[in-house]
Each structure stands twice: as structure tokens, then as C-alpha cells.
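A.B. asks: Next comes the structure file coords_32.cif, holding mmCIF, C-alpha atoms, pLDDT in the B column; chains and numbers go by the auth columns.
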data_query
loop_
_atom_site.group_PDB
_atom_site.id
_atom_site.type_symbol
_atom_site.label_atom_id
_atom_site.label_comp_id
_atom_site.label_asym_id
_atom_site.label_seq_id
_atom_site.Cartn_x
_atom_site.Cartn_y
_atom_site.Cartn_z
_atom_site.B_iso_or_equiv
_atom_site.auth_seq_id
_atom_site.auth_asym_id
ATOM 1 C CA LYS A 1 0.000 0.000 0.000 84.00 1 A
ATOM 2 C CA GLN A 2 1.403 3.362 -1.059 89.00 2 A
ATOM 3 C CA GLU A 3 2.172 5.758 1.794 93.00 3 A
ATOM 4 C CA VAL A 4 3.231 9.365 1.360 96.00 4 A
ATOM 5 C CA THR A 5 5.041 11.269 4.106 97.00 5 A
ATOM 6 C CA GLN A 6 5.802 14.959 4.253 97.00 6 A
ATOM 7 C CA ILE A 7 8.423 16.428 6.512 93.00 7 A
ATOM 8 C CA PRO A 8 8.342 18.791 8.298 92.00 8 A
ATOM 9 C CA ALA A 9 4.672 19.028 9.285 95.00 9 A
ATOM 10 C CA ALA A 10 5.110 22.757 9.883 96.00 10 A
ATOM 11 C CA LEU A 11 7.747 25.292 8.959 96.00 11 A
ATOM 12 C CA SER A 12 8.115 28.947 9.859 97.00 12 A
ATOM 13 C CA VAL A 13 10.654 31.123 8.033 97.00 13 A
ATOM 14 C CA PRO A 14 11.426 34.837 7.651 97.00 14 A
ATOM 15 C CA GLU A 15 10.553 36.533 4.381 97.00 15 A
ATOM 16 C CA GLY A 16 13.212 36.211 1.693 97.00 16 A
ATOM 17 C CA GLU A 17 14.522 32.852 2.809 97.00 17 A
ATOM 18 C CA ASN A 18 14.927 29.944 0.398 97.00 18 A
ATOM 19 C CA LEU A 19 13.327 26.747 1.656 96.00 19 A
ATOM 20 C CA VAL A 20 12.816 23.073 0.833 97.00 20 A
ATOM 21 C CA LEU A 21 9.791 20.922 1.518 97.00 21 A
ATOM 22 C CA ASN A 22 10.180 17.158 1.479 97.00 22 A
ATOM 23 C CA CYS A 23 7.932 14.365 0.296 98.00 23 A
ATOM 24 C CA SER A 24 8.665 10.643 0.407 98.00 24 A
ATOM 25 C CA PHE A 25 6.667 7.696 -0.901 97.00 25 A
ATOM 26 C CA THR A 26 7.002 3.979 -0.229 95.00 26 A
ATOM 27 C CA ASP A 27 6.216 2.507 -3.663 91.00 27 A
ATOM 28 C CA SER A 28 8.357 3.763 -6.533 91.00 28 A
ATOM 29 C CA ALA A 29 5.906 2.489 -9.161 88.00 29 A
ATOM 30 C CA ILE A 30 4.341 5.860 -9.792 90.00 30 A
ATOM 31 C CA TYR A 31 2.993 7.492 -12.927 88.00 31 A
ATOM 32 C CA ASN A 32 3.557 11.017 -11.712 92.00 32 A
ATOM 33 C CA LEU A 33 3.828 13.225 -8.634 95.00 33 A
ATOM 34 C CA GLN A 34 1.947 16.464 -8.148 96.00 34 A
ATOM 35 C CA TRP A 35 2.540 19.324 -5.703 98.00 35 A
ATOM 36 C CA PHE A 36 -0.431 21.361 -4.523 97.00 36 A
ATOM 37 C CA ARG A 37 -1.008 24.422 -2.426 98.00 37 A
ATOM 38 C CA GLN A 38 -4.015 24.787 -0.127 97.00 38 A
ATOM 39 C CA ASP A 39 -5.064 27.981 1.587 95.00 39 A
ATOM 40 C CA PRO A 40 -7.154 27.653 4.771 91.00 40 A
ATOM 41 C CA GLY A 41 -10.631 26.323 4.038 86.00 41 A
ATOM 42 C CA LYS A 42 -10.054 26.365 0.301 90.00 42 A
ATOM 43 C CA GLY A 43 -9.518 23.842 -2.465 93.00 43 A
ATOM 44 C CA LEU A 44 -6.202 22.667 -3.866 96.00 44 A
ATOM 45 C CA THR A 45 -4.212 24.619 -6.424 96.00 45 A
ATOM 46 C CA SER A 46 -1.901 22.583 -8.623 95.00 46 A
ATOM 47 C CA LEU A 47 1.658 23.938 -8.514 97.00 47 A
ATOM 48 C CA LEU A 48 3.805 21.446 -10.397 97.00 48 A
ATOM 49 C CA LEU A 49 3.380 18.046 -11.985 95.00 49 A
ATOM 50 C CA ILE A 50 6.380 15.773 -12.529 95.00 50 A
ATOM 51 C CA GLN A 51 6.037 12.726 -14.736 92.00 51 A
ATOM 52 C CA SER A 52 7.912 9.604 -13.642 91.00 52 A
ATOM 53 C CA SER A 53 10.372 10.030 -16.513 92.00 53 A
ATOM 54 C CA GLN A 54 11.270 13.572 -15.447 94.00 54 A
ATOM 55 C CA ARG A 55 13.756 14.715 -12.824 95.00 55 A
ATOM 56 C CA GLU A 56 12.438 18.195 -12.157 96.00 56 A
ATOM 57 C CA GLN A 57 9.958 20.882 -13.078 96.00 57 A
ATOM 58 C CA THR A 58 10.142 24.624 -12.585 97.00 58 A
ATOM 59 C CA SER A 59 7.541 27.361 -12.381 96.00 59 A
ATOM 60 C CA GLY A 60 8.638 30.839 -11.367 97.00 60 A
ATOM 61 C CA ARG A 61 10.172 30.663 -7.896 98.00 61 A
ATOM 62 C CA LEU A 62 9.210 27.014 -7.499 98.00 62 A
ATOM 63 C CA ASN A 63 11.297 24.010 -8.429 98.00 63 A
ATOM 64 C CA ALA A 64 10.250 20.428 -7.802 97.00 64 A
ATOM 65 C CA SER A 65 12.554 17.449 -8.139 97.00 65 A
ATOM 66 C CA LEU A 66 11.784 13.751 -8.283 97.00 66 A
ATOM 67 C CA ASP A 67 14.011 10.791 -7.434 96.00 67 A
ATOM 68 C CA LYS A 68 11.735 7.869 -8.136 93.00 68 A
ATOM 69 C CA SER A 69 14.222 5.171 -7.222 92.00 69 A
ATOM 70 C CA SER A 70 14.671 6.533 -3.709 95.00 70 A
ATOM 71 C CA GLY A 71 11.007 7.503 -3.366 96.00 71 A
ATOM 72 C CA ARG A 72 11.617 11.181 -2.761 97.00 72 A
ATOM 73 C CA SER A 73 10.573 14.564 -4.068 98.00 73 A
ATOM 74 C CA THR A 74 11.451 18.063 -2.934 98.00 74 A
ATOM 75 C CA LEU A 75 9.760 21.383 -3.513 98.00 75 A
ATOM 76 C CA TYR A 76 12.173 24.304 -3.468 98.00 76 A
ATOM 77 C CA ILE A 77 10.756 27.794 -2.938 98.00 77 A
ATOM 78 C CA ALA A 78 13.116 30.667 -3.648 98.00 78 A
ATOM 79 C CA ALA A 79 12.942 34.068 -1.992 98.00 79 A
ATOM 80 C CA SER A 80 9.856 33.221 0.061 97.00 80 A
ATOM 81 C CA GLN A 81 7.103 35.818 0.528 97.00 81 A
ATOM 82 C CA PRO A 82 4.280 36.140 3.089 97.00 82 A
ATOM 83 C CA GLY A 83 1.847 35.258 0.286 97.00 83 A
ATOM 84 C CA ASP A 84 3.484 31.830 0.079 98.00 84 A
ATOM 85 C CA SER A 85 2.009 30.983 3.491 98.00 85 A
ATOM 86 C CA ALA A 86 -0.225 27.945 2.978 98.00 86 A
ATOM 87 C CA THR A 87 -0.270 24.175 3.323 97.00 87 A
ATOM 88 C CA TYR A 88 1.724 22.362 0.656 98.00 88 A
ATOM 89 C CA LEU A 89 0.666 18.847 -0.286 98.00 89 A
ATOM 90 C CA CYS A 90 2.306 16.266 -2.474 97.00 90 A
ATOM 91 C CA ALA A 91 0.423 13.429 -4.110 96.00 91 A
ATOM 92 C CA VAL A 92 1.423 10.428 -6.202 94.00 92 A
ATOM 93 C CA ARG A 93 -0.476 8.559 -8.877 90.00 93 A
ATOM 94 C CA PRO A 94 0.422 4.854 -8.913 85.00 94 A
ATOM 95 C CA VAL A 95 1.100 2.692 -11.923 81.00 95 A
ATOM 96 C CA SER A 96 -1.025 -0.386 -11.512 68.00 96 A
ATOM 97 C CA SER A 97 -4.017 -2.222 -12.833 56.00 97 A
ATOM 98 C CA GLY A 98 -7.418 -2.686 -11.319 58.00 98 A
ATOM 99 C CA GLY A 99 -8.313 0.950 -11.271 57.00 99 A
ATOM 100 C CA SER A 100 -5.994 1.964 -8.469 59.00 100 A
ATOM 101 C CA ASN A 101 -4.095 4.170 -10.876 67.00 101 A
ATOM 102 C CA TYR A 102 -7.154 6.387 -11.104 73.00 102 A
ATOM 103 C CA LYS A 103 -6.543 8.018 -7.752 84.00 103 A
ATOM 104 C CA LEU A 104 -3.983 10.142 -5.959 90.00 104 A
ATOM 105 C CA THR A 105 -2.438 9.256 -2.620 92.00 105 A
ATOM 106 C CA PHE A 106 -1.690 12.366 -0.591 96.00 106 A
ATOM 107 C CA GLY A 107 0.710 13.255 2.166 97.00 107 A
ATOM 108 C CA LYS A 108 -0.592 15.109 5.219 96.00 108 A
ATOM 109 C CA GLY A 109 1.056 18.321 4.054 97.00 109 A
ATOM 110 C CA THR A 110 3.523 20.909 5.338 97.00 110 A
ATOM 111 C CA LEU A 111 2.079 24.080 6.855 97.00 111 A
ATOM 112 C CA LEU A 112 4.340 26.919 5.751 98.00 112 A
ATOM 113 C CA THR A 113 4.344 30.308 7.445 98.00 113 A
ATOM 114 C CA VAL A 114 6.459 33.101 5.969 98.00 114 A
ATOM 115 C CA ASN A 115 6.885 35.956 8.416 97.00 115 A
ATOM 116 C CA PRO A 116 7.267 39.539 7.144 95.00 116 A
ATOM 117 C CA LYS B 1 -11.554 28.613 -19.196 67.00 1 B
ATOM 118 C CA ALA B 2 -13.720 27.998 -16.153 82.00 2 B
ATOM 119 C CA GLY B 3 -12.315 25.831 -13.388 93.00 3 B
ATOM 120 C CA VAL B 4 -13.932 23.021 -11.472 97.00 4 B
ATOM 121 C CA THR B 5 -17.072 24.198 -9.721 97.00 5 B
ATOM 122 C CA GLN B 6 -18.757 22.646 -6.720 98.00 6 B
ATOM 123 C CA THR B 7 -22.136 23.347 -5.205 97.00 7 B
ATOM 124 C CA PRO B 8 -23.136 24.065 -2.588 97.00 8 B
ATOM 125 C CA ARG B 9 -20.081 25.548 -0.920 96.00 9 B
ATOM 126 C CA TYR B 10 -21.388 25.059 2.601 97.00 10 B
ATOM 127 C CA LEU B 11 -23.934 22.693 4.110 97.00 11 B
ATOM 128 C CA ILE B 12 -25.201 22.033 7.594 98.00 12 B
ATOM 129 C CA LYS B 13 -27.122 18.802 8.103 98.00 13 B
ATOM 130 C CA THR B 14 -28.415 16.773 11.020 98.00 14 B
ATOM 131 C CA ARG B 15 -27.395 13.223 11.846 98.00 15 B
ATOM 132 C CA GLY B 16 -29.466 10.704 9.917 98.00 16 B
ATOM 133 C CA GLN B 17 -30.204 13.003 7.003 98.00 17 B
ATOM 134 C CA GLN B 18 -28.812 12.550 3.535 98.00 18 B
ATOM 135 C CA VAL B 19 -26.961 15.013 1.338 98.00 19 B
ATOM 136 C CA THR B 20 -26.114 15.420 -2.352 98.00 20 B
ATOM 137 C CA LEU B 21 -23.064 17.361 -3.535 98.00 21 B
ATOM 138 C CA SER B 22 -22.486 18.456 -7.108 98.00 22 B
ATOM 139 C CA CYS B 23 -19.343 18.915 -9.194 98.00 23 B
ATOM 140 C CA SER B 24 -18.909 20.342 -12.690 98.00 24 B
ATOM 141 C CA PRO B 25 -15.523 19.517 -14.232 97.00 25 B
ATOM 142 C CA ILE B 26 -13.422 21.674 -16.502 95.00 26 B
ATOM 143 C CA SER B 27 -14.786 21.650 -20.029 94.00 27 B
ATOM 144 C CA GLY B 28 -13.340 18.717 -21.942 91.00 28 B
ATOM 145 C CA HIS B 29 -12.408 16.748 -18.826 93.00 29 B
ATOM 146 C CA ARG B 30 -14.107 13.395 -18.601 92.00 30 B
ATOM 147 C CA SER B 31 -12.604 12.048 -15.387 92.00 31 B
ATOM 148 C CA VAL B 32 -14.027 13.229 -12.065 94.00 32 B
ATOM 149 C CA SER B 33 -12.685 12.161 -8.675 94.00 33 B
ATOM 150 C CA TRP B 34 -13.980 12.853 -5.173 97.00 34 B
ATOM 151 C CA TYR B 35 -11.910 13.201 -2.009 97.00 35 B
ATOM 152 C CA GLN B 36 -12.771 13.721 1.638 97.00 36 B
ATOM 153 C CA GLN B 37 -10.514 15.937 3.719 96.00 37 B
ATOM 154 C CA THR B 38 -10.533 15.920 7.520 95.00 38 B
ATOM 155 C CA PRO B 39 -7.960 17.250 9.999 91.00 39 B
ATOM 156 C CA GLY B 40 -7.232 13.778 11.342 89.00 40 B
ATOM 157 C CA GLN B 41 -7.142 11.670 8.175 92.00 41 B
ATOM 158 C CA GLY B 42 -6.058 14.224 5.612 93.00 42 B
ATOM 159 C CA LEU B 43 -7.185 13.723 2.024 95.00 43 B
ATOM 160 C CA GLN B 44 -8.780 10.370 1.302 95.00 44 B
ATOM 161 C CA PHE B 45 -9.972 9.090 -2.055 94.00 45 B
ATOM 162 C CA LEU B 46 -13.694 8.357 -2.330 96.00 46 B
ATOM 163 C CA PHE B 47 -14.300 7.381 -5.968 92.00 47 B
ATOM 164 C CA GLU B 48 -13.498 8.188 -9.569 92.00 48 B
ATOM 165 C CA TYR B 49 -15.781 8.301 -12.603 93.00 49 B
ATOM 166 C CA PHE B 50 -15.103 8.319 -16.292 91.00 50 B
ATOM 167 C CA SER B 51 -17.775 8.287 -18.991 90.00 51 B
ATOM 168 C CA GLU B 52 -20.474 7.617 -16.404 93.00 52 B
ATOM 169 C CA THR B 53 -18.629 4.557 -15.059 92.00 53 B
ATOM 170 C CA GLN B 54 -17.082 4.226 -11.635 92.00 54 B
ATOM 171 C CA ARG B 55 -13.540 2.999 -12.175 88.00 55 B
ATOM 172 C CA ASN B 56 -12.274 2.982 -8.622 88.00 56 B
ATOM 173 C CA LYS B 57 -13.647 3.309 -5.113 91.00 57 B
ATOM 174 C CA GLY B 58 -11.913 4.081 -1.854 91.00 58 B
ATOM 175 C CA ASN B 59 -12.445 2.460 1.529 92.00 59 B
ATOM 176 C CA PHE B 60 -15.654 4.155 2.523 96.00 60 B
ATOM 177 C CA PRO B 61 -18.939 2.583 3.631 96.00 61 B
ATOM 178 C CA GLY B 62 -21.784 2.055 1.198 96.00 62 B
ATOM 179 C CA ARG B 63 -23.489 5.188 2.550 97.00 63 B
ATOM 180 C CA PHE B 64 -21.193 7.075 0.202 98.00 64 B
ATOM 181 C CA SER B 65 -22.200 6.827 -3.424 97.00 65 B
ATOM 182 C CA GLY B 66 -21.792 8.795 -6.582 97.00 66 B
ATOM 183 C CA ARG B 67 -22.654 9.028 -10.213 97.00 67 B
ATOM 184 C CA GLN B 68 -21.616 10.823 -13.350 97.00 68 B
ATOM 185 C CA PHE B 69 -23.837 12.182 -16.062 97.00 69 B
ATOM 186 C CA SER B 70 -23.329 12.207 -19.818 96.00 70 B
ATOM 187 C CA ASN B 71 -22.073 15.804 -19.672 95.00 71 B
ATOM 188 C CA SER B 72 -19.369 14.663 -17.168 95.00 72 B
ATOM 189 C CA ARG B 73 -20.976 16.461 -14.239 97.00 73 B
ATOM 190 C CA SER B 74 -20.879 14.350 -11.123 98.00 74 B
ATOM 191 C CA GLU B 75 -22.800 14.071 -7.895 98.00 75 B
ATOM 192 C CA MET B 76 -21.979 12.324 -4.674 98.00 76 B
ATOM 193 C CA ASN B 77 -24.517 11.292 -2.091 98.00 77 B
ATOM 194 C CA VAL B 78 -24.087 10.494 1.572 98.00 78 B
ATOM 195 C CA SER B 79 -27.004 8.812 3.293 96.00 79 B
ATOM 196 C CA THR B 80 -27.701 8.441 7.018 97.00 80 B
ATOM 197 C CA LEU B 81 -25.213 11.131 7.931 98.00 81 B
ATOM 198 C CA GLU B 82 -22.944 10.652 10.946 98.00 82 B
ATOM 199 C CA LEU B 83 -21.011 13.263 12.909 97.00 83 B
ATOM 200 C CA GLY B 84 -17.791 11.840 11.474 96.00 84 B
ATOM 201 C CA ASP B 85 -18.889 12.744 7.959 98.00 85 B
ATOM 202 C CA SER B 86 -18.196 16.398 8.725 98.00 86 B
ATOM 203 C CA ALA B 87 -15.442 17.299 6.293 97.00 87 B
ATOM 204 C CA LEU B 88 -14.383 19.251 3.248 97.00 88 B
ATOM 205 C CA TYR B 89 -15.410 17.312 0.148 98.00 89 B
ATOM 206 C CA LEU B 90 -13.242 18.035 -2.856 97.00 90 B
ATOM 207 C CA CYS B 91 -13.865 17.216 -6.463 97.00 91 B
ATOM 208 C CA ALA B 92 -11.115 17.006 -9.075 95.00 92 B
ATOM 209 C CA SER B 93 -11.175 16.633 -12.824 94.00 93 B
ATOM 210 C CA SER B 94 -8.606 15.577 -15.406 91.00 94 B
ATOM 211 C CA ARG B 95 -8.370 14.760 -19.091 86.00 95 B
ATOM 212 C CA ASP B 96 -7.582 11.105 -18.406 72.00 96 B
ATOM 213 C CA THR B 97 -4.949 11.158 -21.124 63.00 97 B
ATOM 214 C CA GLY B 98 -1.381 12.371 -21.206 59.00 98 B
ATOM 215 C CA SER B 99 -0.305 13.981 -17.972 66.00 99 B
ATOM 216 C CA TYR B 100 -3.424 13.117 -15.934 79.00 100 B
ATOM 217 C CA GLU B 101 -2.919 16.411 -14.112 88.00 101 B
ATOM 218 C CA GLN B 102 -5.679 16.862 -11.564 90.00 102 B
ATOM 219 C CA TYR B 103 -7.495 20.154 -11.065 94.00 103 B
ATOM 220 C CA PHE B 104 -9.474 20.653 -7.879 96.00 104 B
ATOM 221 C CA GLY B 105 -12.584 22.640 -7.110 96.00 105 B
ATOM 222 C CA PRO B 106 -13.075 24.865 -4.045 96.00 106 B
ATOM 223 C CA GLY B 107 -14.802 22.112 -2.099 97.00 107 B
ATOM 224 C CA THR B 108 -18.048 21.720 -0.185 98.00 108 B
ATOM 225 C CA ARG B 109 -17.788 22.150 3.573 97.00 109 B
ATOM 226 C CA LEU B 110 -20.251 19.724 5.191 98.00 110 B
ATOM 227 C CA THR B 111 -21.054 20.048 8.869 98.00 111 B
ATOM 228 C CA VAL B 112 -23.150 17.349 10.523 98.00 112 B
ATOM 229 C CA THR B 113 -24.747 18.250 13.861 97.00 113 B
#
Could the structure of this file be written out as C-alpha cells, please?
C.D. replies:
Amino acid sequence: KQEVTQIPAALSVPEGENLVLNCSFTDSAIYNLQWFRQDPGKGLTSLLLIQSSQREQTSGRLNASLDKSSGRSTLYIAASQPGDSATYLCAVRPVSSGGSNYKLTFGKGTLLTVNP
Amino acid sequence: KAGVTQTPRYLIKTRGQQVTLSCSPISGHRSVSWYQQTPGQGLQFLFEYFSETQRNKGNFPGRFSGRQFSNSRSEMNVSTLELGDSALYLCASSRDTGSYEQYFGPGTRLTVT
């Protein structure tokens, strides 16, 4: 059974700092990995999607890497801003039959606070 | 291009009642998934539909059901509500081809009293 772990559970940093959020998964047979952002009480906003054949993806100040063999992904945020404060979730889509590939397995998230 | 929409946004129900939540996917997306989010369990997969067929179901009791219509809109129903059903219910859609990137709606906040 796929399990996704995110460390740390919470992180508080001063504005302008570069930071890394970690995500690990137990089964390396994944189709892709997706990073999301969730603001309090809101839905999920897709940040980056990395296919299993890719090593990293970049969007603006965000860079996500994927090491499928070791079951790890990182989300790097450069020059953090107070507006980056949110919960960041990673999710994996498995490669398997029987319909289980039609769902995402999520980590519990990292609550990021960027202090002005 | 409009995003995923969910209605209603907030609901308050009493134990024992039933509730129906609605989700309209992004135009052109034929796959719709439902997730339950609670503080203790995080995000848990409920079910996924494609072309009006349920392709996968999570580990939830039979009180949770869903369906998808020919226009890809989806509904989920929870019967005989329990206090533990209080949660944020999120719907996601994807093209089901290529990247399978999932796009989420704003969610329906259900409170059971």
C-alpha cells in the first residue's frame, strides 16, 4: 500500500529565505507526482506536476525534483514571501491495474508560514 | 476557461439526514474524482468516474455513493449522515490522457450536527 510522508509538518521562516519541503513515498511504481497548495478552508491549487520520466519541473520561484528510485521529491521555494504561506501537499499517482491508478495518494502536508 | 465548480459551498445537516453534492468539471475533462478531507485523516480518495462509469472506489462505507452524467458532471450522495462525515469534500477533474494532471474545485464544507 502506497504511503506518502511529508516532513516537516510545519515550517516557519522569515521573508526572503529559500526553503525546501520534502515528500517521500514507499512505492516507486508511480505514474507522476503532483505538488499542490491549499489555503485555509479552500480547495487545492496545482503547482507542479512531474512525470515519472522527469527529474524536475520549474515554475517561477518554485522548483520540484523527483528521485523515483529513492522515493523522494522536494519542492524548493526561492525568496519566500508572506503570500506563500499555505499548506503544501504532495500526491502520487500509482502505476497499476485494477483501477488503483485512477486516484492520488496524498501526504498530510507541510504548513508553511512566511513571516514579514 | 472555467475551473472546477462545486455546489453548494457550505452545508449544515443533522445526523441521519442525507446530502447530495455536485461537481462540474473543466470543459473537456471526462474524469471526475472525489476526495474527503478531515484534519485527522487528511485527504482520502472516495471514488473516480469516467464516462459515467465508476472505475475505482476508496475504503468508505456504502453510505457514500456517486454518479456521473453524460455531460461529465458528477454528484456524490451520503445517506444516514454521521457526525464523522463532517469534512471538506473536494472534487477534481482531469483529461484522463497524457499527464493526468488533476485540477481541484473549491470544495463543499459539510457540517453534521
A.B. asks: Pick from A:Asp67, A:Glu15, A:Asp39, A:Asp27: nearest to Val92 in chain A, with all atoms listed in the file counted?
C.D. replies: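 So, comparing all the options, the nearest one is A:Asp27.
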A.B. asks: Find the residue from A:Gly41, A:Gly16, A:Tyr76, A:Ile50 that sits nearest to Thr38 in chain B; use all atoms listed in the file when measuring.
C.D. replies: A:Gly41
A.B. asks: Identify, on the basis of all atoms listed in the file, every residue whose closest approach to Ser80 in chain A does not exceed 7 Å; exclude the query and any residue fewer than 3 positions from it along the same chain; express the result as a PyMOL selection string.
C.D. replies: chain A and resi 15-18+77+84+114
A.B. asks: CA of Leu21 in chain B to CA of Arg55 in chain B: how many Å, to one decimal?
C.D. replies: 19.3 Å
A.B. asks: Can you write out as a tab-separated table which residues of range 11-113 of chain A fall within 9 Å of range 94-108 of chain B, alongside each residue's closest atom pair and its distance in Å to one decimal, counting all atoms listed in the file and ordering rows by chain and ascending residue number?
C.D. replies:
residue	atom	partner	partner_atom	distance
A:Tyr31	CA	B:Ser99	CA	8.9
A:Asn32	CA	B:Ser99	CA	7.9
A:Gln34	CA	B:Glu101	CA	7.7
A:Gly41	CA	B:Gly107	CA	8.5
A:Lys42	CA	B:Pro106	CA	5.5
A:Gly43	CA	B:Pro106	CA	4.0
A:Leu44	CA	B:Phe104	CA	5.6
A:Thr45	CA	B:Phe104	CA	6.7
A:Ser46	CA	B:Tyr103	CA	6.6
A:Leu49	CA	B:Glu101	CA	6.8
A:Ile50	CA	B:Ser99	CA	8.8
A:Gln51	CA	B:Ser99	CA	7.2
A:Arg93	CA	B:Tyr100	CA	8.9
A:Tyr102	CA	B:Asp96	CA	8.7
A:Leu104	CA	B:Gln102	CA	8.9
A.B. asks: Please write the residues picked by the PyMOL selection byres ((chain B) within 12 of (chain A)) on this file as a ChimeraX atom specification.
C.D. replies: /B:3-6,9-10,31-50,53-59,87-110
A.B. asks: For the point (10.8, 3.1, -6.2) in file coordinates, what residues are within 6 Å, counting all atoms listed in the file? Give the answer as a ChimeraX atom specification?
C.D. replies: /A:27-29,68-71
A.B. asks: What is the CA of Ser85 in chain A to CA of Asp85 in chain B distance in Å?
C.D. replies: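 CA of Asp85 in chain B lies 28.1 Å from CA of Ser85 in chain A.
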A.B. asks: Scan for residues within 12 Å of the point (10.1, 25.8, -12.2) in the coordinates of the file, using all atoms listed in the file, and reply as a VMD selection string.
C.D. replies: chain A and resid 35 47 to 50 55 to 65 75 to 78
A.B. asks: Between CA of Pro25 in chain B and CA of Lys13 in chain B, what distance in Å does the model show, to one decimal?
C.D. replies: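 Computed distance, CA of Pro25 in chain B to CA of Lys13 in chain B, equals 25.2 Å.
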A.B. asks: Looking at only C-alpha atoms, which of B:Val78, B:Leu11, B:Cys23, B:Leu83 is the one that sits closest to Pro61 in chain B?
C.D. replies: B:Val78
A.B. asks: Just need the box for range 60-78 of chain A, edges along x, y and z, holding every atom the file lists for it with 5 Å tacked onto each side, so centre and edge lengths in Å to one decimal, as JSON.
C.D. replies:
{"center_x": 11.7, "center_y": 18.0, "center_z": -7.1, "size_x": 16.0, "size_y": 35.7, "size_z": 18.6}
A.B. asks: Check the smallest atom-to-atom distance from each of B:Ser22, B:Ser51, B:Asn77, B:Thr111 to Ser65 in chain B using all atoms listed in the file, then report the winner.
C.D. replies: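 Of all the options, B:Asn77 lies closest to Ser65 in chain B.
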A.B. asks: Excluding Gly16 in chain B and its own-chain neighbours fewer than 4 positions away, which residues fall within 12 Å of it when counting only C-alpha atoms? Please give them as JSON, numbers by chain.
C.D. replies: {"B": [63, 78, 79, 80, 81, 82, 83, 84, 85, 112, 113]}
A.B. asks: Could you dump the residues just selected with C-alpha atoms as a PDB file, keeping the file's coordinate frame?
C.D. replies:
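For reference, again-v3.pdb as written:
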ATOM      1  CA  ARG B  63     -23.489   5.188   2.550  1.00 97.00           C
ATOM      2  CA  VAL B  78     -24.087  10.494   1.572  1.00 98.00           C
ATOM      3  CA  SER B  79     -27.004   8.812   3.293  1.00 96.00           C
ATOM      4  CA  THR B  80     -27.701   8.441   7.018  1.00 97.00           C
ATOM      5  CA  LEU B  81     -25.213  11.131   7.931  1.00 98.00           C
ATOM      6  CA  GLU B  82     -22.944  10.652  10.946  1.00 98.00           C
ATOM      7  CA  LEU B  83     -21.011  13.263  12.909  1.00 97.00           C
ATOM      8  CA  GLY B  84     -17.791  11.840  11.474  1.00 96.00           C
ATOM      9  CA  ASP B  85     -18.889  12.744   7.959  1.00 98.00           C
ATOM     10  CA  VAL B 112     -23.150  17.349  10.523  1.00 98.00           C
ATOM     11  CA  THR B 113     -24.747  18.250  13.861  1.00 97.00           C
TER      12      THR B 113
END
A.B. asks: With all atoms listed in the file as the basis for distance, which of B:Thr7, B:Ala2, B:Ser24, B:Arg15 is at the shortest distance from Ser70 in chain B?
C.D. replies: B:Ser24
A.B. asks: Go through the shown structure with the PyMOL selection byres ((chain A and resi 6) around 10) and write out the matching residues as a ChimeraX atom specification.
C.D. replies: /A:4-5,7-10,21-25,72-74,88-90,106-110
A.B. asks: Could you write out the selected residues, including C-alpha atoms, as a PDB file, in the frame of the given file?
C.D. replies:
ATOM      1  CA  VAL A   4       3.231   9.365   1.360  1.00 96.00           C
ATOM      2  CA  THR A   5       5.041  11.269   4.106  1.00 97.00           C
ATOM      3  CA  ILE A   7       8.423  16.428   6.512  1.00 93.00           C
ATOM      4  CA  PRO A   8       8.342  18.791   8.298  1.00 92.00           C
ATOM      5  CA  ALA A   9       4.672  19.028   9.285  1.00 95.00           C
ATOM      6  CA  ALA A  10       5.110  22.757   9.883  1.00 96.00           C
ATOM      7  CA  LEU A  21       9.791  20.922   1.518  1.00 97.00           C
ATOM      8  CA  ASN A  22      10.180  17.158   1.479  1.00 97.00           C
ATOM      9  CA  CYS A  23       7.932  14.365   0.296  1.00 98.00           C
ATOM     10  CA  SER A  24       8.665  10.643   0.407  1.00 98.00           C
ATOM     11  CA  PHE A  25       6.667   7.696  -0.901  1.00 97.00           C
ATOM     12  CA  ARG A  72      11.617  11.181  -2.761  1.00 97.00           C
ATOM     13  CA  SER A  73      10.573  14.564  -4.068  1.00 98.00           C
ATOM     14  CA  THR A  74      11.451  18.063  -2.934  1.00 98.00           C
ATOM     15  CA  TYR A  88       1.724  22.362   0.656  1.00 98.00           C
ATOM     16  CA  LEU A  89       0.666  18.847  -0.286  1.00 98.00           C
ATOM     17  CA  CYS A  90       2.306  16.266  -2.474  1.00 97.00           C
ATOM     18  CA  PHE A 106      -1.690  12.366  -0.591  1.00 96.00           C
ATOM     19  CA  GLY A 107       0.710  13.255   2.166  1.00 97.00           C
ATOM     20  CA  LYS A 108      -0.592  15.109   5.219  1.00 96.00           C
ATOM     21  CA  GLY A 109       1.056  18.321   4.054  1.00 97.00           C
ATOM     22  CA  THR A 110       3.523  20.909   5.338  1.00 97.00           C
TER      23      THR A 110
END
